Amino acid sequence: MKKITLLSLCGVLAATSSLFAGQPLNTDPSFEGGEAVWGKPFIPADSKDRGSKLSFTTEDPHSGNMCAVMSADSNSRFAFAPKGGAMNVMPGQTFDISIWIKAAADFKIHPKTPGFIIRVDMLKGKASVGTVYINASGEASERLGTTGPVIPTTWTEVKGQATVPEGADRMRVNVFFWRASGTLYLDDFEVSLADS
Ligand SMILES: [Ca+2]
């Protein structure tokens, strides 16, 4: 009886971990739900009057029927995060974070800025324990950096990793239009537990 119970438990654990690793943890990774799912972006005060906008379009998505669109009139910084905000994590866990992006012809990065960044906030409750910045090349750093690659006008995958530091119990992944203007398309945004 004991043996069967242990085997059953192992089976459940194996099934759980295989579902977990590599599976997107965030809601609606392909943006198919549009504004109803994603709501309004976070726009800091310095960018509120610069036409900063998160919208959704059925025009040329990377997958499915819809993709997200971030656009601004001038030198704007704003972001969106998965519904629900921060997710519960444990120190030492590493996450794969990926998104597909495509610049429109009018997309322009302001001098000495990355233009696009994924900012991963590591938190203890609401307090910051650390920050990981992933640029459009997929390079992760504790610093924002002052440059980024030219973002292609064809769909391109950005893929990086972030590891949860000691003391953190929550993680929030923010996709930032970081000091740029024009239009940027985004699709297939996935946050998943990396294979250990
Ligand atoms: Ca899509």
# chains A, B, ... in the order shown; residues from 1 in each chain; ligands from 1

call {"tool": "closest_atom_pairs", "arguments": {"of": "range 65-139 of chain A", "to": "range 38-55 of chain A", "cutoff": "12 Å", "atoms": "only C-alpha atoms", "output": "CSV"}}
result
residue,atom,partner,partner_atom,distance
A:Met66,CA,A:Ser55,CA,10.4
A:Cys67,CA,A:Ser55,CA,8.7
A:Ala68,CA,A:Ser55,CA,5.9
A:Val69,CA,A:Ser55,CA,5.0
A:Met70,CA,A:Leu54,CA,4.7
A:Ser71,CA,A:Lys53,CA,5.3
A:Ala72,CA,A:Ser52,CA,4.3
A:Asp73,CA,A:Gly51,CA,5.2
A:Ser74,CA,A:Arg50,CA,5.8
A:Asn75,CA,A:Arg50,CA,7.5
A:Ser76,CA,A:Ser47,CA,5.1
A:Arg77,CA,A:Ser47,CA,6.0
A:Phe78,CA,A:Ile43,CA,4.7
A:Ala79,CA,A:Phe42,CA,5.2
A:Phe80,CA,A:Pro41,CA,4.7
A:Ala81,CA,A:Pro41,CA,7.8
A:Pro82,CA,A:Trp38,CA,7.1
A:Lys83,CA,A:Trp38,CA,6.2
A:Gly84,CA,A:Trp38,CA,9.8
A:Gly85,CA,A:Trp38,CA,10.7

call {"tool": "write_last_selection", "arguments": {"atoms": "C-alpha atoms", "output": "PDB file, in the first residue's frame"}}
result
ATOM      1  CA  MET A  66      -3.782  39.220 -33.356  1.00  0.00           C
ATOM      2  CA  CYS A  67      -0.641  40.964 -32.143  1.00  0.00           C
ATOM      3  CA  ALA A  68       0.086  43.895 -29.821  1.00  0.00           C
ATOM      4  CA  VAL A  69       1.176  47.339 -31.005  1.00  0.00           C
ATOM      5  CA  MET A  70       3.117  49.901 -28.954  1.00  0.00           C
ATOM      6  CA  SER A  71       3.318  53.366 -30.456  1.00  0.00           C
ATOM      7  CA  ALA A  72       4.237  56.913 -29.478  1.00  0.00           C
ATOM      8  CA  ASP A  73       4.682  60.349 -31.049  1.00  0.00           C
ATOM      9  CA  SER A  74       8.063  61.160 -29.515  1.00  0.00           C
ATOM     10  CA  ASN A  75      10.743  59.938 -27.086  1.00  0.00           C
ATOM     11  CA  SER A  76       8.402  57.868 -24.951  1.00  0.00           C
ATOM     12  CA  ARG A  77       8.873  55.238 -22.259  1.00  0.00           C
ATOM     13  CA  PHE A  78       5.964  53.004 -21.307  1.00  0.00           C
ATOM     14  CA  ALA A  79       5.261  49.356 -20.557  1.00  0.00           C
ATOM     15  CA  PHE A  80       2.825  46.530 -20.135  1.00  0.00           C
ATOM     16  CA  ALA A  81       2.995  43.422 -17.952  1.00  0.00           C
ATOM     17  CA  PRO A  82       1.084  40.133 -17.918  1.00  0.00           C
ATOM     18  CA  LYS A  83      -2.347  40.267 -16.336  1.00  0.00           C
ATOM     19  CA  GLY A  84      -2.077  39.753 -12.590  1.00  0.00           C
ATOM     20  CA  GLY A  85       1.263  41.620 -12.410  1.00  0.00           C
TER      21      GLY A  85
END

call {"tool": "closest_atom_pairs", "arguments": {"of": "chain A", "to": "ligand 1", "cutoff": "8 Å", "atoms": "only C-alpha atoms and all ligand atoms", "output": "CSV"}}
result
residue,atom,partner,partner_atom_place_in_ligand_line,distance
A:Pro29,CA,ligand 1,1 (Ca),7.5
A:Ser30,CA,ligand 1,1 (Ca),3.8
A:Phe31,CA,ligand 1,1 (Ca),5.0
A:Glu32,CA,ligand 1,1 (Ca),5.4
A:Pro61,CA,ligand 1,1 (Ca),5.4
A:His62,CA,ligand 1,1 (Ca),5.8
A:Ser63,CA,ligand 1,1 (Ca),4.3
A:Gly64,CA,ligand 1,1 (Ca),4.4
A:Asn65,CA,ligand 1,1 (Ca),5.5
A:Met66,CA,ligand 1,1 (Ca),4.3
A:Cys67,CA,ligand 1,1 (Ca),4.5
A:Ala68,CA,ligand 1,1 (Ca),7.8
A:Asp187,CA,ligand 1,1 (Ca),5.2
A:Asp188,CA,ligand 1,1 (Ca),6.0

call {"tool": "write_last_selection", "arguments": {"atoms": "C-alpha atoms", "output": "mmCIF file, in the first residue's frame"}}
result
data_model
loop_
_atom_site.group_PDB
_atom_site.id
_atom_site.type_symbol
_atom_site.label_atom_id
_atom_site.label_comp_id
_atom_site.auth_asym_id
_atom_site.auth_seq_id
_atom_site.Cartn_x
_atom_site.Cartn_y
_atom_site.Cartn_z
ATOM 1 C CA PRO A 29 0.887 34.880 -24.668
ATOM 2 C CA SER A 30 -0.275 35.404 -28.266
ATOM 3 C CA PHE A 31 -2.330 38.558 -27.508
ATOM 4 C CA GLU A 32 -5.437 36.957 -28.983
ATOM 5 C CA PRO A 61 0.444 38.896 -36.515
ATOM 6 C CA HIS A 62 3.358 36.525 -35.875
ATOM 7 C CA SER A 63 0.913 33.833 -34.766
ATOM 8 C CA GLY A 64 -2.825 33.458 -34.370
ATOM 9 C CA ASN A 65 -5.104 36.325 -35.393
ATOM 10 C CA MET A 66 -3.782 39.220 -33.356
ATOM 11 C CA CYS A 67 -0.641 40.964 -32.143
ATOM 12 C CA ALA A 68 0.086 43.895 -29.821
ATOM 13 C CA ASP A 187 3.561 38.832 -30.399
ATOM 14 C CA ASP A 188 4.153 35.512 -28.614
#

call {"tool": "residues_around", "arguments": {"residues": "range 140-148 of chain A", "least_positions_apart": "5", "cutoff": "10 Å", "atoms": "only C-alpha atoms", "output": "ChimeraX atom specification"}}
result
/A:109-120,130-135,159-162,178

call {"tool": "write_last_selection", "arguments": {"atoms": "N, CA, C and O atoms", "output": "mmCIF file, in the first residue's frame"}}
result
data_model
loop_
_atom_site.group_PDB
_atom_site.id
_atom_site.type_symbol
_atom_site.label_atom_id
_atom_site.label_comp_id
_atom_site.auth_asym_id
_atom_site.auth_seq_id
_atom_site.Cartn_x
_atom_site.Cartn_y
_atom_site.Cartn_z
ATOM 1 N N ILE A 109 14.601 54.952 -32.438
ATOM 2 C CA ILE A 109 15.128 54.916 -31.076
ATOM 3 C C ILE A 109 15.831 56.228 -30.759
ATOM 4 O O ILE A 109 16.646 56.706 -31.546
ATOM 5 N N HIS A 110 15.487 56.805 -29.619
ATOM 6 C CA HIS A 110 16.113 58.050 -29.180
ATOM 7 C C HIS A 110 17.601 57.783 -28.896
ATOM 8 O O HIS A 110 17.946 56.700 -28.434
ATOM 9 N N PRO A 111 18.494 58.765 -29.166
ATOM 10 C CA PRO A 111 19.929 58.533 -28.941
ATOM 11 C C PRO A 111 20.245 58.096 -27.508
ATOM 12 O O PRO A 111 19.621 58.564 -26.560
ATOM 13 N N LYS A 112 21.220 57.191 -27.386
ATOM 14 C CA LYS A 112 21.726 56.714 -26.091
ATOM 15 C C LYS A 112 20.672 56.011 -25.233
ATOM 16 O O LYS A 112 20.683 56.101 -24.006
ATOM 17 N N THR A 113 19.750 55.333 -25.876
ATOM 18 C CA THR A 113 18.781 54.515 -25.154
ATOM 19 C C THR A 113 18.630 53.183 -25.887
ATOM 20 O O THR A 113 18.956 53.084 -27.072
ATOM 21 N N PRO A 114 18.145 52.140 -25.189
ATOM 22 C CA PRO A 114 17.987 50.846 -25.869
ATOM 23 C C PRO A 114 16.776 50.771 -26.799
ATOM 24 O O PRO A 114 16.713 49.896 -27.645
ATOM 25 N N GLY A 115 15.788 51.665 -26.613
ATOM 26 C CA GLY A 115 14.603 51.654 -27.473
ATOM 27 C C GLY A 115 13.566 50.618 -27.075
ATOM 28 O O GLY A 115 12.376 50.884 -27.063
ATOM 29 N N PHE A 116 14.051 49.423 -26.759
ATOM 30 C CA PHE A 116 13.174 48.333 -26.318
ATOM 31 C C PHE A 116 13.899 47.594 -25.206
ATOM 32 O O PHE A 116 15.102 47.327 -25.312
ATOM 33 N N ILE A 117 13.175 47.256 -24.150
ATOM 34 C CA ILE A 117 13.806 46.493 -23.069
ATOM 35 C C ILE A 117 12.736 45.676 -22.336
ATOM 36 O O ILE A 117 11.577 46.096 -22.245
ATOM 37 N N ILE A 118 13.114 44.497 -21.866
ATOM 38 C CA ILE A 118 12.246 43.760 -20.951
ATOM 39 C C ILE A 118 12.850 43.959 -19.561
ATOM 40 O O ILE A 118 13.994 43.571 -19.332
ATOM 41 N N ARG A 119 12.106 44.617 -18.701
ATOM 42 C CA ARG A 119 12.611 44.877 -17.350
ATOM 43 C C ARG A 119 11.962 43.893 -16.385
ATOM 44 O O ARG A 119 10.736 43.885 -16.229
ATOM 45 N N VAL A 120 12.783 43.057 -15.767
ATOM 46 C CA VAL A 120 12.270 42.045 -14.846
ATOM 47 C C VAL A 120 12.519 42.534 -13.422
ATOM 48 O O VAL A 120 13.664 42.658 -12.997
ATOM 49 N N GLY A 130 15.978 43.296 -6.794
ATOM 50 C CA GLY A 130 16.908 43.314 -7.927
ATOM 51 C C GLY A 130 16.159 43.561 -9.221
ATOM 52 O O GLY A 130 14.923 43.486 -9.261
ATOM 53 N N THR A 131 16.923 43.888 -10.276
ATOM 54 C CA THR A 131 16.320 44.134 -11.583
ATOM 55 C C THR A 131 17.187 43.487 -12.647
ATOM 56 O O THR A 131 18.410 43.569 -12.592
ATOM 57 N N VAL A 132 16.559 42.810 -13.588
ATOM 58 C CA VAL A 132 17.270 42.257 -14.736
ATOM 59 C C VAL A 132 16.701 42.915 -15.986
ATOM 60 O O VAL A 132 15.483 42.932 -16.183
ATOM 61 N N TYR A 133 17.593 43.487 -16.805
ATOM 62 C CA TYR A 133 17.181 44.098 -18.072
ATOM 63 C C TYR A 133 17.586 43.175 -19.217
ATOM 64 O O TYR A 133 18.746 42.779 -19.309
ATOM 65 N N ILE A 134 16.637 42.839 -20.066
ATOM 66 C CA ILE A 134 16.930 42.018 -21.245
ATOM 67 C C ILE A 134 16.721 42.897 -22.476
ATOM 68 O O ILE A 134 15.620 43.410 -22.705
ATOM 69 N N ASN A 135 17.794 43.096 -23.259
ATOM 70 C CA ASN A 135 17.656 43.985 -24.420
ATOM 71 C C ASN A 135 17.180 43.211 -25.654
ATOM 72 O O ASN A 135 16.949 41.999 -25.590
ATOM 73 N N LYS A 159 14.995 36.625 -26.900
ATOM 74 C CA LYS A 159 14.911 35.561 -25.907
ATOM 75 C C LYS A 159 16.035 35.692 -24.895
ATOM 76 O O LYS A 159 17.208 35.710 -25.270
ATOM 77 N N GLY A 160 15.676 35.821 -23.633
ATOM 78 C CA GLY A 160 16.674 35.943 -22.580
ATOM 79 C C GLY A 160 16.251 35.163 -21.357
ATOM 80 O O GLY A 160 15.217 34.490 -21.349
ATOM 81 N N GLN A 161 17.090 35.251 -20.327
ATOM 82 C CA GLN A 161 16.797 34.540 -19.085
ATOM 83 C C GLN A 161 16.989 35.456 -17.885
ATOM 84 O O GLN A 161 17.807 36.378 -17.924
ATOM 85 N N ALA A 162 16.261 35.175 -16.832
ATOM 86 C CA ALA A 162 16.432 35.893 -15.570
ATOM 87 C C ALA A 162 16.361 34.883 -14.435
ATOM 88 O O ALA A 162 15.494 34.000 -14.430
ATOM 89 N N TRP A 178 11.200 51.830 -24.762
ATOM 90 C CA TRP A 178 12.069 52.617 -23.883
ATOM 91 C C TRP A 178 12.736 53.755 -24.661
ATOM 92 O O TRP A 178 13.764 53.565 -25.275
#

call {"tool": "residues_around", "arguments": {"residues": "Val89 in chain A", "least_positions_apart": "4", "cutoff": "7 Å", "atoms": "only C-alpha atoms", "output": "CSV table (one decimal) with C-alpha atoms, in the first residue's frame"}}
result
chain,number,residue,atom,x,y,z
A,169,ASP,CA,9.5,35.9,-3.7
A,170,ARG,CA,7.8,37.7,-6.6
A,171,MET,CA,8.8,38.6,-10.2

call {"tool": "closest_atom_pairs", "arguments": {"of": "range 48-132 of chain A", "to": "range 151-156 of chain A", "cutoff": "9 Å", "atoms": "only C-alpha atoms", "output": "JSON lines"}}
result
{"residue": "A:His62", "atom": "CA", "partner": "A:Trp155", "partner_atom": "CA", "distance": 6.8}
{"residue": "A:Ile99", "atom": "CA", "partner": "A:Thr156", "partner_atom": "CA", "distance": 8.4}
{"residue": "A:Trp100", "atom": "CA", "partner": "A:Thr156", "partner_atom": "CA", "distance": 5.3}
{"residue": "A:Ile101", "atom": "CA", "partner": "A:Thr156", "partner_atom": "CA", "distance": 5.4}
{"residue": "A:Lys102", "atom": "CA", "partner": "A:Trp155", "partner_atom": "CA", "distance": 4.7}
{"residue": "A:Ala103", "atom": "CA", "partner": "A:Thr153", "partner_atom": "CA", "distance": 4.6}
{"residue": "A:Ala104", "atom": "CA", "partner": "A:Thr153", "partner_atom": "CA", "distance": 5.8}
{"residue": "A:Ala105", "atom": "CA", "partner": "A:Thr153", "partner_atom": "CA", "distance": 6.9}
{"residue": "A:Phe107", "atom": "CA", "partner": "A:Ile151", "partner_atom": "CA", "distance": 8.7}
{"residue": "A:Gly115", "atom": "CA", "partner": "A:Ile151", "partner_atom": "CA", "distance": 8.8}
{"residue": "A:Phe116", "atom": "CA", "partner": "A:Ile151", "partner_atom": "CA", "distance": 8.6}

call {"tool": "residues_around", "arguments": {"residues": "Ser192 in chain A", "least_positions_apart": "5", "cutoff": "7 Å", "atoms": "only C-alpha atoms", "output": "MDAnalysis selection string"}}
result
chainID A and resid 21:25 95:97

call {"tool": "write_last_selection", "arguments": {"atoms": "N, CA and C atoms", "output": "compact mmCIF listing (two decimals), in the first residue's frame"}}
result
# COMPACT_ATOMS: atom_id res chain seq x y z
N ALA A 21 7.63 23.01 -16.89
CA ALA A 21 8.82 23.46 -17.62
C ALA A 21 8.47 23.74 -19.08
N GLY A 22 8.82 24.92 -19.54
CA GLY A 22 8.61 25.26 -20.94
C GLY A 22 7.22 25.76 -21.27
N GLN A 23 6.28 25.59 -20.35
CA GLN A 23 4.92 26.05 -20.61
C GLN A 23 4.81 27.53 -20.22
N PRO A 24 4.14 28.35 -21.05
CA PRO A 24 3.97 29.75 -20.66
C PRO A 24 3.17 29.87 -19.36
N LEU A 25 3.68 30.69 -18.45
CA LEU A 25 3.00 30.89 -17.18
C LEU A 25 2.07 32.09 -17.24
N PHE A 95 14.09 31.71 -15.34
CA PHE A 95 12.96 31.79 -16.26
C PHE A 95 13.44 32.15 -17.67
N ASP A 96 12.86 31.48 -18.65
CA ASP A 96 13.02 31.88 -20.05
C ASP A 96 11.97 32.95 -20.32
N ILE A 97 12.41 34.04 -20.92
CA ILE A 97 11.48 35.11 -21.26
C ILE A 97 11.67 35.43 -22.73

call {"tool": "closest_residue", "arguments": {"among": "A:Glu35, A:Asp121, A:Asp106, A:Glu59", "to": "Thr163 in chain A", "atoms": "only C-alpha atoms"}}
result
A:Asp121

call {"tool": "atom_distance", "arguments": {"atom1": "CA of Ala194 in chain A", "atom2": "CA of Gly92 in chain A"}}
result
11.1 Å

call {"tool": "decode", "arguments": {"residues": "range 147-181 of chain A", "atoms": "N, CA and C atoms", "output": "CSV table (one decimal), in the first residue's frame"}}
result
chain,number,residue,atom,x,y,z
A,147,THR,N,22.5,51.5,-25.2
A,147,THR,CA,22.4,51.2,-26.7
A,147,THR,C,21.6,49.9,-26.8
A,148,GLY,N,21.1,49.7,-28.0
A,148,GLY,CA,20.4,48.4,-28.3
A,148,GLY,C,20.6,48.2,-29.8
A,149,PRO,N,20.3,47.0,-30.2
A,149,PRO,CA,20.5,46.7,-31.7
A,149,PRO,C,19.4,47.4,-32.4
A,150,VAL,N,19.6,47.6,-33.7
A,150,VAL,CA,18.5,48.0,-34.6
A,150,VAL,C,17.5,46.9,-34.6
A,151,ILE,N,16.2,47.3,-34.5
A,151,ILE,CA,15.2,46.3,-34.5
A,151,ILE,C,14.7,46.1,-35.9
A,152,PRO,N,14.7,44.9,-36.4
A,152,PRO,CA,14.4,44.6,-37.8
A,152,PRO,C,12.9,44.9,-38.1
A,153,THR,N,12.6,45.1,-39.3
A,153,THR,CA,11.2,45.4,-39.8
A,153,THR,C,10.6,44.0,-40.2
A,154,THR,N,11.2,42.9,-39.8
A,154,THR,CA,10.6,41.6,-40.0
A,154,THR,C,10.5,41.0,-38.6
A,155,TRP,N,9.6,40.0,-38.4
A,155,TRP,CA,9.4,39.4,-37.1
A,155,TRP,C,10.7,38.8,-36.6
A,156,THR,N,11.2,39.1,-35.4
A,156,THR,CA,12.4,38.7,-34.8
A,156,THR,C,12.2,38.3,-33.3
A,157,GLU,N,12.8,37.2,-32.9
A,157,GLU,CA,12.6,36.7,-31.6
A,157,GLU,C,13.6,37.3,-30.6
A,158,VAL,N,13.1,37.8,-29.5
A,158,VAL,CA,14.0,38.3,-28.4
A,158,VAL,C,13.9,37.2,-27.3
A,159,LYS,N,15.0,36.6,-26.9
A,159,LYS,CA,14.9,35.6,-25.9
A,159,LYS,C,16.0,35.7,-24.9
A,160,GLY,N,15.7,35.8,-23.6
A,160,GLY,CA,16.7,35.9,-22.6
A,160,GLY,C,16.3,35.2,-21.4
A,161,GLN,N,17.1,35.3,-20.3
A,161,GLN,CA,16.8,34.5,-19.1
A,161,GLN,C,17.0,35.5,-17.9
A,162,ALA,N,16.3,35.2,-16.8
A,162,ALA,CA,16.4,35.9,-15.6
A,162,ALA,C,16.4,34.9,-14.4
A,163,THR,N,17.3,35.0,-13.5
A,163,THR,CA,17.3,34.1,-12.3
A,163,THR,C,16.9,34.9,-11.1
A,164,VAL,N,16.1,34.3,-10.3
A,164,VAL,CA,15.5,34.9,-9.1
A,164,VAL,C,16.6,34.9,-8.0
A,165,PRO,N,17.0,36.1,-7.5
A,165,PRO,CA,18.0,36.2,-6.5
A,165,PRO,C,17.5,35.8,-5.1
A,166,GLU,N,18.4,35.6,-4.2
A,166,GLU,CA,18.1,35.3,-2.8
A,166,GLU,C,17.2,36.4,-2.2
A,167,GLY,N,16.2,36.1,-1.5
A,167,GLY,CA,15.4,37.1,-0.9
A,167,GLY,C,14.1,37.5,-1.6
A,168,ALA,N,14.1,37.2,-2.9
A,168,ALA,CA,12.9,37.5,-3.7
A,168,ALA,C,11.9,36.5,-3.7
A,169,ASP,N,10.6,36.9,-3.7
A,169,ASP,CA,9.5,35.9,-3.7
A,169,ASP,C,8.5,36.2,-4.8
A,170,ARG,N,8.7,37.3,-5.5
A,170,ARG,CA,7.8,37.7,-6.6
A,170,ARG,C,8.6,38.2,-7.8
A,171,MET,N,8.1,38.1,-9.0
A,171,MET,CA,8.8,38.6,-10.2
A,171,MET,C,7.7,39.2,-11.1
A,172,ARG,N,8.1,40.4,-11.6
A,172,ARG,CA,7.1,41.1,-12.5
A,172,ARG,C,7.9,41.3,-13.8
A,173,VAL,N,7.4,40.9,-14.9
A,173,VAL,CA,8.0,41.1,-16.2
A,173,VAL,C,7.4,42.2,-17.0
A,174,ASN,N,8.1,43.3,-17.2
A,174,ASN,CA,7.5,44.5,-17.9
A,174,ASN,C,8.2,44.6,-19.3
A,175,VAL,N,7.3,44.7,-20.3
A,175,VAL,CA,7.8,44.9,-21.7
A,175,VAL,C,7.8,46.4,-22.0
A,176,PHE,N,9.0,47.0,-22.2
A,176,PHE,CA,9.1,48.4,-22.3
A,176,PHE,C,9.4,48.9,-23.7
A,177,PHE,N,8.7,49.9,-24.1
A,177,PHE,CA,9.0,50.8,-25.2
A,177,PHE,C,9.9,51.8,-24.5
A,178,TRP,N,11.2,51.8,-24.8
A,178,TRP,CA,12.1,52.6,-23.9
A,178,TRP,C,12.7,53.8,-24.7
A,179,ARG,N,12.1,54.9,-24.6
A,179,ARG,CA,12.6,56.1,-25.3
A,179,ARG,C,12.8,55.9,-26.8
A,180,ALA,N,11.6,55.9,-27.4
A,180,ALA,CA,11.5,55.7,-28.8
A,180,ALA,C,10.3,56.4,-29.3
A,181,SER,N,10.1,56.4,-30.6
A,181,SER,CA,8.9,56.9,-31.2
A,181,SER,C,8.5,56.0,-32.4
